[in-house]
2 protein chains.
Amino acid sequence: MNIRIPLLAIGLALLNSIGATAQNDSIIIKNLFDEVLKNGKCYDDLTYLTTKIGGRLSGSPEAAQAVAWGKKVMEAIHPDTVYLQEMKVPHWVRGAKETAEVFRAVGNSRRRNEMKICALGGSIATPDSGISAEVVEVHSWDELKALGKEGIQGKIVFYNRPMDVTKVHTFEAYGGAVDQRGGGASEAAKYGAVGSICRSMAINNDDFPHTGAMHYKDSITKIPSCAICTNDANLLSDYLKGDKHLKFHFKMSCQTLPDETSYNVVGEIKGTEHPEEIIVFGGHLDSWETGKGAHDDGAGVVQTMEVLRLFKALNIKPKRTIRAVLFMNEENGLRGGKKYAELAKKNNEHHIAAMETDAGGFVPRGISCEMKQEQFDKLLKWKPLLEPYGVNEFTMGGGGADISPLKEMGIPQMELLVDSQRYFDVHHAVTDVIENVNIRELKLGAGSMAAFIYLFSQYGL
Amino acid sequence: MNIRIPLLAIGLALLNSIGATAQNDSIIIKNLFDEVLKNGKCYDDLTYLTTKIGGRLSGSPEAAQAVAWGKKVMEAIHPDTVYLQEMKVPHWVRGAKETAEVFRAVGNSRRRNEMKICALGGSIATPDSGISAEVVEVHSWDELKALGKEGIQGKIVFYNRPMDVTKVHTFEAYGGAVDQRGGGASEAAKYGAVGSICRSMAINNDDFPHTGAMHYKDSITKIPSCAICTNDANLLSDYLKGDKHLKFHFKMSCQTLPDETSYNVVGEIKGTEHPEEIIVFGGHLDSWETGKGAHDDGAGVVQTMEVLRLFKALNIKPKRTIRAVLFMNEENGLRGGKKYAELAKKNNEHHIAAMETDAGGFVPRGISCEMKQEQFDKLLKWKPLLEPYGVNEFTMGGGGADISPLKEMGIPQMELLVDSQRYFDVHHAVTDVIENVNIRELKLGAGSMAAFIYLFSQYGL
């Protein structure tokens with residue numbers, strides 16, 4: 001294909017109507033993007049985090065290494081302060097390799113098929129010999145309820161409602177399916193199920209299971225709960241059509257150990273004019289251990305640190321305090337986010353904005369906000385400054401999980417919106433590795449975060 | 001991260017101001033996207049094209065297979081007509097494996113380093129024994145000119161101006177570097193160079209050379225011209241700093257055979273109200289043979305056919321004629337595009353719009369246009385219909401190469417704008433394979449093409 005008129009020129013032309021300040025801002029934002037694209041360290045940082053440390057679930061030795069590494073990298077950037085926020089975190093371990101197999105009748109013969117599963121985070125183990133039972137497939141809570149004790153007692157419930165491929169924004173598809181993963185075990189146990197299987201939260205069919213958190217309800221018997229890869233979920237559904245009395249046998253040795261001590265890593269640059277006004281932004285340091293946590297949320301972690309680095313490299317002195325946080329335990333507890341909010345409240349801190357990057361290191365497309373309309377209107381005026389970088393979707397939606405505990409203090413919530421098409425190919429799975437992160441997409445996300453944080457630090461919100 | 005308010009709902013709400021027709025259009029467009037995301041065939045088609053046929057440079061047996069395959073796939077969709085447009089195309093062949101090595105002094109010893117090259121398309125071969133000469137590195141035409149005959153005679157000119165990583169739209173970076181590839185050999189030969197090396201058109205550093213077309217100027221001695229992978233280009237530059245008399249030795253056995261007969265593949269659905277008004281759209285069937293032509297432009301080919309399939313699947317009867325074209329020979333001659341325009345003129349056809357998809361099967365972001373302002377204003381009114389699908393960059397830029405010969409007939413030119421961050425990781429290289437195409441991104445591109453073509457067919461332009 002051929003070449004086009006530079007879009008940046010168009011973007012700059014649009015700014016003529018905004019005036020000299022905006023022109024100055026547009027130059028600073030251009031400098032931020034140029035610097036990250038030329039000299040950004042985030043991809044190298046992510047390579048280290050994912051290949052030298054690896055998957056890092058809360059409480060694990062790897063999570064502890066990640067804390068030490070994050071602190072060291074932050075310190076090397078030389079912000080005004082770097083410190084840790086201590087907390088207790090859950091410590092769930094997967095244990096030995098999980099296995100599953102299906103025994104089914106085909107005509108007069110019996111077949112055995114292995115299936116790929118992984119324990120959902122927080123699940124109890126099966127007995128050493130595993131659990132073997134008939135399977136009942138459901139797609140909704142209504143179906144489950146209709147089956148009742150009679151249809152479920154002593155069986156394994158198989159939740160097989162797929163993510164809706166017609167959702168252009170894949171997080172919507174996730175939102176329409178993830179209830180099965182989080183709550184499926186306890187709902188099934190209410191009717192006497194002995195185990196539960198959840199179709200992986202993958203929008204395309206693949207051959208590896210995707211893990212993620214599940215939660216037991218108090219006073220309901222705990223039953224083991226696993227994810228099955230989407231291709232096997234399709235197969236199991238087919239097998240059930242041929243033999244509704246097939247037996248599913250699975251073994252898992254996961255367990256929850258006593259809580260461990262862990263930390264948020266915090267680095268900040270004090271504001272020159274309003275140091276008491278704080279803009280907090282971050283990603284989460286912990287990750288599932290099925291993959292290496294490259295997109296979820298190593299990307300957010302290294303972008304967060306890159307923002308500090310860019311401010312220092314360009315010698316930008318923010319008028320308000322900017323605070324970068326690498327949160328601990330987003331995946332299975334949110335203890336880091338909660339601890340952060342608890343300390344902010346206790347210390348009577350005045351936060352004016354909170355922004356998260358936890359949707360993967362994909363190409364940035366905009367910003368999602370949860371704030372007052374007048375704040376959103378202010379933010380919208382900055383759209384021409386970001387549009388030259390493809391960041392043009394400014395929407396009222398929501399912020400991220402780690403900053404959500406700040407919501408009750410009335411702090412505006414934001415999240416970097418990135419392209420979501422590939423996220424659920426890697427989410428919580430073996431494919432969440434550096435090889436699936438594009439260096440330019442990651443850097444553009446960091447540049448976008450820096451641009452937003454710059455504008456908030458300059459003008460408030 | 002957590003879940004957001006459906007953007008589609010916002011998009012639909014915006015449409016309230018446009019009225020009932022637009023609401024109907026928004027439903028049809030939603031149906032197009034739903035159908036392609038649920039049942040689209042383009043990814044399966046692309047898998048076949050890239051794995052069963054493979055790279056398919058004009059004049060090759062693979063290009064002939066691709067024509068037969070394209071016609072067959074089109075016919076199975078049952079548009080009103082499917083036909084071929086015959087033409088002569090260049091037939092350049094790469095020949096045996098290309099090799100290169102550097103001999104250099106390090107202190108008192110000699111070193112030999114192999115380097116990865118590929119012939120640029122259209123280059124002549126080296127002698128059987130190769131060419132061995134000193135190397136002179138340049139970054140601009142001015143540098144070349146300043147060196148003159150004295151500095152260049154008998155040497156190999158090494159063009160090493162990198163693509164500018166700070167360009168957010170990578171095609172701009174390409175535009176700022178590709179002149180070295182296209183014209184470098186003849187410019188160097190003017191000063192007596194015996195060969196030319198061009199740094200690969202890759203925006204990131206990698207280990208494989210990227211080919212592409214080069215052109216000899218008449219009446220200037222033809223010299224062999226190759227691309228070197230970016231990592232080796234950096235190395236060669238370093239080596240030259242250590243030994244400016246190093247010798248570069250390379251062998252290539254490429255040649256240009258007599259022209260072959262080949263074809264554009266055309267399929268069309270006649271308009272119900274204005275059959276004489278034609279909307280043409282397409283991608284190109286030929287590709288470089290270093291890779292499998294998955295993004296460039298297998299993606300455009302399968303998206304083009306998917307548009308026809310979507311119209312048939314949803315029983316949409318266009319008011320104006322829609323014509324899908326798989327162009328031949330975009331890469332090294334544009335004979336297909338030229339033949340198409342020649343026939344359109346000869347047959348007194350009335351084209352009202354031409355649109356191309358040739359920027360890779362990445363996530364769609366907008367549309368690039370070259371047309372009258374009033375036409376662009378009309379197009380802009382449709383933006384709210386496309387925004388829910390992330391297609392929100394409507395820019396005045398240019399169309400694609402294959403439709404460019406229609407420009408002199410005053411036909412509006414358009415191209416699907418897709419995200420460009422990953423394109424130059426695969427462009428004309430061994431990495432341009434199906435594994436690097438995301439199924440949802442490809443399908444969303446096809447849906448976007450279909451939506452635009454639907455609007456043009458309904459309302460003209």
# chains A, B, ... in the order shown; residues from 1 in each chain; ligands from 1

$ residues_around --residues "B:Leu386" --least-positions-apart "2" --cutoff "10 Å" --atoms "only C-alpha atoms" --output "list in words"
Leu8, Gly11, Ser26, Ile29, Lys30, Arg365, Gly366, Trp382, Lys383, Pro384, Pro388, Tyr389, Gly390, Val391, Asn392, Glu393, Ser448, Ala451 and Phe452 of chain B

$ write_last_selection --atoms "N, CA and C atoms" --output "PDB file, in the first residue's frame"
ATOM      1  N   LEU B   8     -21.221  -0.276  22.292  1.00  0.00           N
ATOM      2  CA  LEU B   8     -22.211  -0.361  21.230  1.00  0.00           C
ATOM      3  C   LEU B   8     -23.456   0.428  21.622  1.00  0.00           C
ATOM      4  N   GLY B  11     -22.881   3.926  21.003  1.00  0.00           N
ATOM      5  CA  GLY B  11     -22.935   4.181  19.561  1.00  0.00           C
ATOM      6  C   GLY B  11     -24.371   4.270  19.070  1.00  0.00           C
ATOM      7  N   SER B  26     -27.649   0.806  11.081  1.00  0.00           N
ATOM      8  CA  SER B  26     -26.843   0.322  12.207  1.00  0.00           C
ATOM      9  C   SER B  26     -27.177  -1.135  12.505  1.00  0.00           C
ATOM     10  N   ILE B  29     -25.452  -3.176   9.766  1.00  0.00           N
ATOM     11  CA  ILE B  29     -24.010  -3.227  10.035  1.00  0.00           C
ATOM     12  C   ILE B  29     -23.713  -4.150  11.215  1.00  0.00           C
ATOM     13  N   LYS B  30     -24.555  -4.108  12.224  1.00  0.00           N
ATOM     14  CA  LYS B  30     -24.388  -5.041  13.351  1.00  0.00           C
ATOM     15  C   LYS B  30     -24.507  -6.485  12.853  1.00  0.00           C
ATOM     16  N   ARG B 365      -9.131   0.396  12.123  1.00  0.00           N
ATOM     17  CA  ARG B 365      -9.194   1.624  12.907  1.00  0.00           C
ATOM     18  C   ARG B 365      -9.878   2.761  12.169  1.00  0.00           C
ATOM     19  N   GLY B 366     -10.050   2.642  10.862  1.00  0.00           N
ATOM     20  CA  GLY B 366     -10.694   3.741  10.155  1.00  0.00           C
ATOM     21  C   GLY B 366     -10.603   3.590   8.656  1.00  0.00           C
ATOM     22  N   TRP B 382     -21.240   9.080   8.321  1.00  0.00           N
ATOM     23  CA  TRP B 382     -21.426   7.665   8.658  1.00  0.00           C
ATOM     24  C   TRP B 382     -20.536   7.216   9.823  1.00  0.00           C
ATOM     25  N   LYS B 383     -19.707   8.115  10.299  1.00  0.00           N
ATOM     26  CA  LYS B 383     -18.763   7.733  11.360  1.00  0.00           C
ATOM     27  C   LYS B 383     -19.457   7.106  12.584  1.00  0.00           C
ATOM     28  N   PRO B 384     -20.581   7.673  13.037  1.00  0.00           N
ATOM     29  CA  PRO B 384     -21.224   7.051  14.212  1.00  0.00           C
ATOM     30  C   PRO B 384     -21.649   5.603  13.983  1.00  0.00           C
ATOM     31  N   PRO B 388     -18.825   2.110  16.864  1.00  0.00           N
ATOM     32  CA  PRO B 388     -18.978   1.012  17.831  1.00  0.00           C
ATOM     33  C   PRO B 388     -18.044  -0.160  17.563  1.00  0.00           C
ATOM     34  N   TYR B 389     -17.464  -0.203  16.376  1.00  0.00           N
ATOM     35  CA  TYR B 389     -16.559  -1.300  16.022  1.00  0.00           C
ATOM     36  C   TYR B 389     -15.098  -0.862  16.067  1.00  0.00           C
ATOM     37  N   GLY B 390     -14.864   0.286  16.680  1.00  0.00           N
ATOM     38  CA  GLY B 390     -13.490   0.774  16.809  1.00  0.00           C
ATOM     39  C   GLY B 390     -12.973   1.421  15.539  1.00  0.00           C
ATOM     40  N   VAL B 391     -13.856   1.627  14.573  1.00  0.00           N
ATOM     41  CA  VAL B 391     -13.461   2.196  13.277  1.00  0.00           C
ATOM     42  C   VAL B 391     -13.802   3.679  13.327  1.00  0.00           C
ATOM     43  N   ASN B 392     -12.849   4.486  13.786  1.00  0.00           N
ATOM     44  CA  ASN B 392     -13.183   5.883  14.085  1.00  0.00           C
ATOM     45  C   ASN B 392     -12.177   6.891  13.544  1.00  0.00           C
ATOM     46  N   GLU B 393     -11.209   6.425  12.764  1.00  0.00           N
ATOM     47  CA  GLU B 393     -10.265   7.373  12.166  1.00  0.00           C
ATOM     48  C   GLU B 393     -10.636   7.569  10.697  1.00  0.00           C
ATOM     49  N   SER B 448     -15.650  -4.482   8.590  1.00  0.00           N
ATOM     50  CA  SER B 448     -15.553  -3.046   8.317  1.00  0.00           C
ATOM     51  C   SER B 448     -15.653  -2.772   6.823  1.00  0.00           C
ATOM     52  N   ALA B 451     -19.196  -3.148   5.808  1.00  0.00           N
ATOM     53  CA  ALA B 451     -20.037  -2.037   6.258  1.00  0.00           C
ATOM     54  C   ALA B 451     -19.882  -0.834   5.322  1.00  0.00           C
ATOM     55  N   PHE B 452     -18.639  -0.521   4.975  1.00  0.00           N
ATOM     56  CA  PHE B 452     -18.417   0.612   4.060  1.00  0.00           C
ATOM     57  C   PHE B 452     -19.044   0.331   2.690  1.00  0.00           C
TER      58      PHE B 452
END

$ select_by_dssp --residues "stretch 273-360 of chain B" --states "helix (DSSP H, G or I)" --output "JSON, numbers by chain"
{"B": [294, 295, 296, 297, 298, 299, 300, 301, 302, 303, 304, 305, 306, 307, 308, 309, 310, 311, 312, 313, 335, 336, 337, 338, 339, 340, 341, 342, 343, 344, 345, 346]}

$ residues_around --residues "stretch 265-268 of chain B" --least-positions-apart "5" --cutoff "9 Å" --atoms "only C-alpha atoms" --output "short mmCIF file (atom, residue, chain, number, x, y, z; two decimals) with N, CA and C atoms, in the first residue's frame"
data_model
loop_
_atom_site.label_atom_id
_atom_site.label_comp_id
_atom_site.auth_asym_id
_atom_site.auth_seq_id
_atom_site.Cartn_x
_atom_site.Cartn_y
_atom_site.Cartn_z
N VAL B 67 -4.87 -17.86 -8.55
CA VAL B 67 -5.94 -17.38 -9.43
C VAL B 67 -7.05 -18.42 -9.52
N ALA B 68 -6.67 -19.68 -9.76
CA ALA B 68 -7.67 -20.75 -9.89
C ALA B 68 -8.45 -20.91 -8.58
N GLY B 70 -8.85 -18.58 -6.17
CA GLY B 70 -9.68 -17.41 -5.93
C GLY B 70 -10.97 -17.47 -6.73
N LYS B 71 -10.85 -17.89 -7.98
CA LYS B 71 -12.05 -18.00 -8.83
C LYS B 71 -13.02 -19.03 -8.26
N MET B 74 -14.67 -17.71 -5.05
CA MET B 74 -15.67 -16.69 -5.44
C MET B 74 -16.92 -17.36 -5.99
N GLU B 75 -16.72 -18.33 -6.87
CA GLU B 75 -17.88 -18.99 -7.50
C GLU B 75 -18.77 -19.69 -6.47
N HIS B 78 -21.44 -17.65 -5.01
CA HIS B 78 -22.57 -17.38 -5.93
C HIS B 78 -22.97 -15.92 -6.04
N PRO B 79 -21.99 -15.06 -6.35
CA PRO B 79 -22.41 -13.71 -6.72
C PRO B 79 -23.04 -13.80 -8.12
N ASP B 80 -23.44 -12.68 -8.72
CA ASP B 80 -24.08 -12.75 -10.04
C ASP B 80 -23.11 -13.21 -11.12
N THR B 81 -21.88 -12.70 -11.05
CA THR B 81 -20.89 -13.13 -12.06
C THR B 81 -19.52 -13.24 -11.43
N VAL B 82 -18.73 -14.15 -11.98
CA VAL B 82 -17.31 -14.27 -11.63
C VAL B 82 -16.55 -14.39 -12.95
N TYR B 83 -15.53 -13.58 -13.12
CA TYR B 83 -14.76 -13.66 -14.36
C TYR B 83 -13.31 -13.23 -14.14
N LEU B 84 -12.50 -13.48 -15.15
CA LEU B 84 -11.07 -13.15 -15.07
C LEU B 84 -10.77 -11.98 -16.01
N GLN B 85 -9.76 -11.23 -15.68
CA GLN B 85 -9.24 -10.18 -16.58
C GLN B 85 -7.79 -10.54 -16.90
N VAL B 280 -16.07 -0.58 -6.67
CA VAL B 280 -15.04 -1.62 -6.77
C VAL B 280 -14.23 -1.65 -5.49
N LEU B 285 -3.67 -10.48 -5.02
CA LEU B 285 -3.51 -11.93 -4.94
C LEU B 285 -2.03 -12.33 -4.91
N MET B 305 -13.33 -11.30 -0.52
CA MET B 305 -14.30 -12.36 -0.83
C MET B 305 -15.34 -12.47 0.28
N LEU B 308 -18.41 -10.23 -0.22
CA LEU B 308 -19.43 -10.83 -1.10
C LEU B 308 -20.24 -11.89 -0.34
N THR B 321 -24.07 -1.63 -8.03
CA THR B 321 -23.27 -2.84 -8.26
C THR B 321 -22.02 -2.84 -7.38
N ILE B 322 -21.79 -3.93 -6.69
CA ILE B 322 -20.55 -4.06 -5.92
C ILE B 322 -19.66 -5.10 -6.60
N ARG B 323 -18.42 -4.73 -6.77
CA ARG B 323 -17.50 -5.58 -7.53
C ARG B 323 -16.23 -5.85 -6.73
N ALA B 324 -16.01 -7.11 -6.43
CA ALA B 324 -14.83 -7.54 -5.68
C ALA B 324 -13.73 -7.94 -6.66
N VAL B 325 -12.53 -7.41 -6.46
CA VAL B 325 -11.43 -7.74 -7.37
C VAL B 325 -10.21 -8.24 -6.58
N LEU B 326 -9.71 -9.40 -7.01
CA LEU B 326 -8.42 -9.88 -6.51
C LEU B 326 -7.39 -9.49 -7.57
N PHE B 327 -6.65 -8.44 -7.28
CA PHE B 327 -5.71 -7.90 -8.27
C PHE B 327 -4.45 -8.76 -8.35
N MET B 328 -3.90 -8.83 -9.55
CA MET B 328 -2.64 -9.54 -9.74
C MET B 328 -1.50 -8.53 -9.87
#

$ residues_around --residues "A:Phe376" --least-positions-apart "3" --cutoff "9 Å" --atoms "only C-alpha atoms" --output "ChimeraX atom specification"
/A:369-373,379-381,394-396,461

$ residues_around --residues "B:Gly333" --least-positions-apart "2" --cutoff "8 Å" --atoms "only C-alpha atoms" --output "PDB file with C-alpha atoms, in the first residue's frame"
ATOM      1  CA  VAL B  89       2.863  -9.944 -15.809  1.00  0.00           C
ATOM      2  CA  PRO B  90       6.602  -9.801 -15.028  1.00  0.00           C
ATOM      3  CA  ASN B 329       0.918  -8.153  -9.631  1.00  0.00           C
ATOM      4  CA  GLU B 330       0.669  -5.353  -7.091  1.00  0.00           C
ATOM      5  CA  GLU B 331       4.103  -6.110  -5.727  1.00  0.00           C
ATOM      6  CA  ARG B 335      -0.205  -4.724 -14.086  1.00  0.00           C
TER       7      ARG B 335
END

$ residues_around --residues "B:Gly242" --least-positions-apart "3" --cutoff "9 Å" --atoms "only C-alpha atoms" --output "PyMOL selection string"
chain B and resi 104-106+238-239+246

$ interface_residues --of "chain B" --to "chain A" --cutoff "8 Å" --atoms "only C-alpha atoms" --output "number ranges by chain"
B: 1-7, 33-34, 37-38, 165-166, 168-169, 171-172, 175, 358-359, 363, 368, 389, 395-401, 421-422, 438, 440-441

$ write_last_selection --atoms "N, CA and C atoms" --output "short mmCIF file (atom, residue, chain, number, x, y, z; two decimals), in the first residue's frame"
data_model
loop_
_atom_site.label_atom_id
_atom_site.label_comp_id
_atom_site.auth_asym_id
_atom_site.auth_seq_id
_atom_site.Cartn_x
_atom_site.Cartn_y
_atom_site.Cartn_z
N MET B 1 -8.62 -6.87 35.08
CA MET B 1 -9.38 -5.63 35.03
C MET B 1 -10.88 -5.93 35.00
N ASN B 2 -11.63 -4.96 35.25
CA ASN B 2 -13.07 -5.18 35.33
C ASN B 2 -13.80 -4.81 34.04
N ILE B 3 -15.08 -4.70 34.10
CA ILE B 3 -15.88 -4.66 32.87
C ILE B 3 -16.53 -3.30 32.65
N ARG B 4 -16.70 -2.97 31.40
CA ARG B 4 -17.19 -1.64 31.07
C ARG B 4 -18.59 -1.63 30.47
N ILE B 5 -19.16 -0.45 30.44
CA ILE B 5 -20.45 -0.24 29.79
C ILE B 5 -20.29 -0.52 28.30
N PRO B 6 -21.20 -1.28 27.72
CA PRO B 6 -21.08 -1.59 26.29
C PRO B 6 -20.97 -0.32 25.44
N LEU B 7 -19.91 -0.27 24.66
CA LEU B 7 -19.73 0.89 23.79
C LEU B 7 -20.77 0.91 22.67
N PHE B 33 -21.27 -7.54 11.12
CA PHE B 33 -20.20 -7.88 12.07
C PHE B 33 -20.50 -9.18 12.82
N ASP B 34 -21.75 -9.34 13.24
CA ASP B 34 -22.11 -10.58 13.95
C ASP B 34 -21.84 -11.80 13.07
N LEU B 37 -18.11 -12.45 12.61
CA LEU B 37 -17.47 -12.93 13.84
C LEU B 37 -17.93 -14.35 14.18
N LYS B 38 -19.18 -14.66 13.85
CA LYS B 38 -19.67 -16.01 14.17
C LYS B 38 -19.32 -17.02 13.09
N VAL B 165 11.52 5.18 14.21
CA VAL B 165 10.65 4.51 15.20
C VAL B 165 9.67 5.47 15.88
N THR B 166 9.92 6.77 15.80
CA THR B 166 9.01 7.71 16.47
C THR B 166 7.74 7.99 15.66
N VAL B 168 4.32 7.22 14.73
CA VAL B 168 3.29 6.36 15.31
C VAL B 168 2.62 5.53 14.22
N HIS B 169 2.41 6.15 13.08
CA HIS B 169 1.86 5.42 11.94
C HIS B 169 3.04 4.90 11.12
N PHE B 171 3.52 3.38 8.45
CA PHE B 171 3.65 3.59 7.01
C PHE B 171 4.38 4.90 6.71
N GLU B 172 4.29 5.84 7.62
CA GLU B 172 5.06 7.08 7.46
C GLU B 172 6.55 6.78 7.57
N GLY B 175 7.56 5.21 4.44
CA GLY B 175 7.67 6.24 3.40
C GLY B 175 8.96 7.03 3.50
N ASP B 358 -5.22 -3.36 1.90
CA ASP B 358 -3.86 -3.84 1.65
C ASP B 358 -2.89 -3.29 2.69
N ALA B 359 -3.33 -3.27 3.94
CA ALA B 359 -2.41 -2.83 4.99
C ALA B 359 -2.27 -3.89 6.07
N VAL B 363 -6.26 -5.12 13.34
CA VAL B 363 -7.54 -4.58 13.81
C VAL B 363 -7.84 -3.29 13.06
N SER B 368 -9.02 5.68 5.08
CA SER B 368 -8.20 6.74 4.50
C SER B 368 -8.78 7.06 3.12
N TYR B 389 -17.46 -0.20 16.38
CA TYR B 389 -16.56 -1.30 16.02
C TYR B 389 -15.10 -0.86 16.07
N THR B 395 -9.86 9.77 7.69
CA THR B 395 -8.84 10.75 7.33
C THR B 395 -8.75 10.95 5.82
N MET B 396 -8.36 12.16 5.44
CA MET B 396 -8.01 12.41 4.05
C MET B 396 -6.55 12.02 3.91
N GLY B 397 -6.27 10.97 3.17
CA GLY B 397 -4.90 10.50 2.99
C GLY B 397 -4.78 9.98 1.58
N GLY B 398 -4.90 8.70 1.41
CA GLY B 398 -4.85 8.15 0.07
C GLY B 398 -5.50 6.80 0.03
N GLY B 399 -5.70 6.28 -1.16
CA GLY B 399 -6.22 4.92 -1.32
C GLY B 399 -5.04 3.98 -1.46
N GLY B 400 -5.26 2.83 -2.06
CA GLY B 400 -4.18 1.87 -2.22
C GLY B 400 -3.60 1.89 -3.63
N ALA B 401 -2.57 1.08 -3.83
CA ALA B 401 -1.86 1.07 -5.12
C ALA B 401 -2.73 0.54 -6.26
N GLN B 421 1.05 -1.13 13.87
CA GLN B 421 2.23 -1.36 14.71
C GLN B 421 3.02 -2.62 14.35
N ARG B 422 2.33 -3.69 13.96
CA ARG B 422 3.02 -4.96 13.73
C ARG B 422 3.35 -5.22 12.26
N ASN B 438 -4.30 -12.68 13.55
CA ASN B 438 -5.29 -12.96 14.58
C ASN B 438 -6.66 -13.07 13.94
N ARG B 440 -9.72 -12.72 14.98
CA ARG B 440 -10.71 -11.67 15.23
C ARG B 440 -10.34 -10.36 14.53
N GLU B 441 -9.06 -10.05 14.52
CA GLU B 441 -8.63 -8.83 13.84
C GLU B 441 -8.95 -8.92 12.35
#

$ residues_around --residues "A:Pro258" --least-positions-apart "4" --cutoff "12 Å" --atoms "only C-alpha atoms" --output "PyMOL selection string"
chain A and resi 58-60+88-93

$ atom_distance --atom1 "atom CA of B:Thr256" --atom2 "atom CA of B:Val138"
28.2 Å

$ closest_residue --among "A:Lys217, A:Arg161, A:Lys149, A:Lys251" --to "A:Asn234" --atoms "only C-alpha atoms"
A:Arg161

$ atom_distance --atom1 "atom CA of A:Met163" --atom2 "atom CA of A:Gly182"
14.6 Å

$ atom_distance --atom1 "atom CA of A:Met115" --atom2 "atom CA of A:Tyr191"
25.3 Å

$ select_by_dssp --residues "stretch 139-362 of chain B" --states "strand (DSSP E or B)" --output "ChimeraX atom specification"
/B:156-159,195-199,213,225-228,247-251,255-269,274-284,320-327,350-356
